[in-house]
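K.L.:
I have a structure I would like to understand better, so I am pasting it below and will then ask my questions one at a time.
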Protein chains: 2
Amino acid sequence: MGGAPIVLSIDAMGGDLGPEAVVSGMARSAKANRDIRFLVHGPESRLQKLIERKKPLAGRCEIRNAPDVVSMQDKPSQVMRQGQGTSMWSAIESVRDKQATVAVSCGNTGALMALSMIRLRKLPGVNRPAIAVLWPSRNPQGFNVMLDVGADVRADAEDLLQYALMGVSYARNGLDLQRPRVGLLNVGTEEHKGRSELKAAHELIGKAATRAQFDFVGFVEGGDLPGEACDVIVTDGFTGNVALKTGEGTASLIGDRLKEAFAYSPLSRLASLLALTSLRRLKKKIDPRRVNGGVFLGLNGTIVKSHGSADATGVSAAIKLAFQLAQSDFSDRLEARLASITDIQQDIAPELDMSEESPK
Amino acid sequence: MGGAPIVLSIDAMGGDLGPEAVVSGMARSAKANRDIRFLVHGPESRLQKLIERKKPLAGRCEIRNAPDVVSMQDKPSQVMRQGQGTSMWSAIESVRDKQATVAVSCGNTGALMALSMIRLRKLPGVNRPAIAVLWPSRNPQGFNVMLDVGADVRADAEDLLQYALMGVSYARNGLDLQRPRVGLLNVGTEEHKGRSELKAAHELIGKAATRAQFDFVGFVEGGDLPGEACDVIVTDGFTGNVALKTGEGTASLIGDRLKEAFAYSPLSRLASLLALTSLRRLKKKIDPRRVNGGVFLGLNGTIVKSHGSADATGVSAAIKLAFQLAQSDFSDRLEARLASITDIQQDIAPELDMSEESPK
């Protein structure tokens, strides 16, 4: 194995567990993958000390000093004006300067998206960038793609079409699916259900399917997110964010209840010892930390947003995803794919009478 | 124990598994609870045969012949015009006539809500009725209330206030919480986040809290649905429906993966035998069938909507919930509580400058 080294840009600050968790996650990834290199952004002396303690990181990191930190409370507008000295800004700048292909940050999502938008700029033809996540599912590939999970709280029919096209591209590169099946999230599968923008989006996405080489399965429901009805689930960032966090919270509650169940009696504790390997395999499959990483789609460069609360395992999962995307030249492929969006939209949109749509 | 018998109105038709599952569920409930009686609606001869086969139902059922069935594909508007002969219509009619306090149906949600609205009518002061569910949570009471989960795909700020007040009443009667904590579902907990109607609702609900004797914790996120930050989660019917189905789908996926993990090797199969009691207890806690039953709030009478796919266990859980609500005189208490909504809204709404709100 072992190709050319791939350089990732890492924002070491701004996560809930501090740079310690980020550097530990980097060390795990470096140990597992010898082709990985890091540009690390944050206060130099502090990072220096943390990195020196981790053997797998020796000779694989370059620190870019950035004294300031974007906190979870900072408003995006404020960070856009005054954020030049922050580790987040610096991490994005390395992608802008083509020193790294992908950046990873555990920081404030709103600020990260705002900074990414102004520094990297949107790809031609993209109206709203989106955040996509992989979600464990019953499909053979083990995961579904859902977007948007929080870049923007609203999306009109054309935005939803763009999300569908970006999601298809992500599923091709991230999940190796040649002809992804796309579903549009709604409260029922009947065509007459849901909000007006969803009916318009249903028509737009259906018309784009043949030319953009995906299958459109129509409306899907919340239960299809971990299901096998489709591979890509398209929704607005408000609904997607709530669905994602509800799913994560439910998985975490069940995990804790499972631990309690096995700790209940001497017999159940013995049982948990016997089932240890099986349970570990299960945990690996459903642990939300292992699918950590929302990908910003629609920008000149790829940003992976890790959970704010990510520990070393979570950070390492986000880095793994960033590495995969960098290795597959995802950014360039998406750009090529999106170059055709404008054409597709021009072909489709005029055929629809959009005048009856609500102005929102 | 054993008070006066309580009569429930049961729509035996329209569920995915047919009247067999409904009658089996009734038999389970009847066996567990000797104070329960049923008015059963559907085709008489077919129901007669099914009921005769179940010993616990002897002398506890009265059949109301209704030859027609509302199917899952029927449009609500159609059922409202032509549904007089259906079991669903008949089941609601028994509540309207005060022959039963609560009705249970596994049928088409849209049709059930539409029929309930025209036959039972909204309570004074209620703009949009809502569907509330109980969701397993980390709170001491074991469940949180979420509403709306699908009565209406949209809700403005005043609707969300009404949902908060109805949810509080449900939490008091259904979960025995004297001072429920209410959270408003959003994509972040900071006050500046989210859609404009949510900011307006935040202000309205905050102002109503003292007078309506609940605590308002402000914005909550999807992860708080199974969490302990609040007891009542308020959202529009689109978001609530997606969140509910995502949570259910995730729980079901994990349950299946758990079964696979225990079937994997001889050792893990032995382990599952040893842990049988613990696992059963766990299953009972997280099995979505056991919290089956969405309650329609805001009408003159209570309707419990069971899952369309409910089996005997699921139907029995919905009947148990219906019995509890009938026993606690929930309907009357909610009406009394809602009588004060109009006052509260008149007190609060004029203070807000609603003119900047979007017209939607």
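Identifiers for the structure tokens are assigned positionally: chains receive A, B, ... in sequence, residues are indexed from 1 per chain, and ligands are indexed from 1 in the order shown.
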Taking only C-alpha atoms into account, find every residue of chain B that has an atom no more than 7 Å from chain A, and write it out as a ChimeraX atom specification.
P.N.:
/B:153,187,194-195,221-223,225-226,238-239,241-243,245-251,253,257-258,261-262,267-268,271-272,274-275,278-279,282
K.L.:
Output as a ChimeraX atom specification all residues of segment 146-200 of chain A that backbone DSSP marks as helix (DSSP H, G or I).
P.N.:
/A:157-174,196-200
K.L.:
May I have all residues of segment 107-159 of chain B that DSSP, computed from the backbone, assigns to strand (DSSP E), given as a PyMOL selection string?
P.N.:
chain B and resi 130-136+143-147
K.L.:
Would you export the selected residues with N, CA and C atoms as a PDB file, in the first residue's frame, please?
P.N.:
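The result, stored in result.pdb:
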ATOM      1  N   ALA B 130     -53.155  18.898  18.111  1.00  0.00           N
ATOM      2  CA  ALA B 130     -51.818  18.338  17.933  1.00  0.00           C
ATOM      3  C   ALA B 130     -51.835  16.868  18.328  1.00  0.00           C
ATOM      4  N   ILE B 131     -50.859  16.124  17.829  1.00  0.00           N
ATOM      5  CA  ILE B 131     -50.693  14.737  18.255  1.00  0.00           C
ATOM      6  C   ILE B 131     -49.464  14.669  19.161  1.00  0.00           C
ATOM      7  N   ALA B 132     -49.665  14.142  20.366  1.00  0.00           N
ATOM      8  CA  ALA B 132     -48.560  14.027  21.325  1.00  0.00           C
ATOM      9  C   ALA B 132     -48.185  12.564  21.511  1.00  0.00           C
ATOM     10  N   VAL B 133     -46.879  12.297  21.636  1.00  0.00           N
ATOM     11  CA  VAL B 133     -46.427  10.938  21.960  1.00  0.00           C
ATOM     12  C   VAL B 133     -45.554  10.970  23.209  1.00  0.00           C
ATOM     13  N   LEU B 134     -45.464   9.806  23.847  1.00  0.00           N
ATOM     14  CA  LEU B 134     -44.491   9.624  24.925  1.00  0.00           C
ATOM     15  C   LEU B 134     -43.246   8.996  24.307  1.00  0.00           C
ATOM     16  N   TRP B 135     -42.085   9.469  24.700  1.00  0.00           N
ATOM     17  CA  TRP B 135     -40.843   8.963  24.138  1.00  0.00           C
ATOM     18  C   TRP B 135     -39.904   8.558  25.275  1.00  0.00           C
ATOM     19  N   PRO B 136     -39.297   7.359  25.227  1.00  0.00           N
ATOM     20  CA  PRO B 136     -38.395   6.920  26.298  1.00  0.00           C
ATOM     21  C   PRO B 136     -37.285   7.943  26.518  1.00  0.00           C
ATOM     22  N   PHE B 143     -40.122   8.835  30.520  1.00  0.00           N
ATOM     23  CA  PHE B 143     -40.643   9.269  29.215  1.00  0.00           C
ATOM     24  C   PHE B 143     -40.680  10.791  29.135  1.00  0.00           C
ATOM     25  N   ASN B 144     -40.582  11.296  27.925  1.00  0.00           N
ATOM     26  CA  ASN B 144     -40.884  12.693  27.671  1.00  0.00           C
ATOM     27  C   ASN B 144     -42.093  12.767  26.740  1.00  0.00           C
ATOM     28  N   VAL B 145     -42.772  13.908  26.794  1.00  0.00           N
ATOM     29  CA  VAL B 145     -43.880  14.163  25.874  1.00  0.00           C
ATOM     30  C   VAL B 145     -43.339  14.970  24.690  1.00  0.00           C
ATOM     31  N   MET B 146     -43.655  14.564  23.470  1.00  0.00           N
ATOM     32  CA  MET B 146     -43.335  15.406  22.323  1.00  0.00           C
ATOM     33  C   MET B 146     -44.605  15.681  21.535  1.00  0.00           C
ATOM     34  N   LEU B 147     -44.767  16.920  21.119  1.00  0.00           N
ATOM     35  CA  LEU B 147     -45.883  17.284  20.242  1.00  0.00           C
ATOM     36  C   LEU B 147     -45.516  18.513  19.416  1.00  0.00           C
TER      37      LEU B 147
END
K.L.:
Please measure the separation of atom CA of Met117 of chain A and atom CA of Leu299 of chain A, giving the value in Å to one decimal.
P.N.:
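Atom CA of Leu299 of chain A lies at a distance of 7.0 Å from atom CA of Met117 of chain A.
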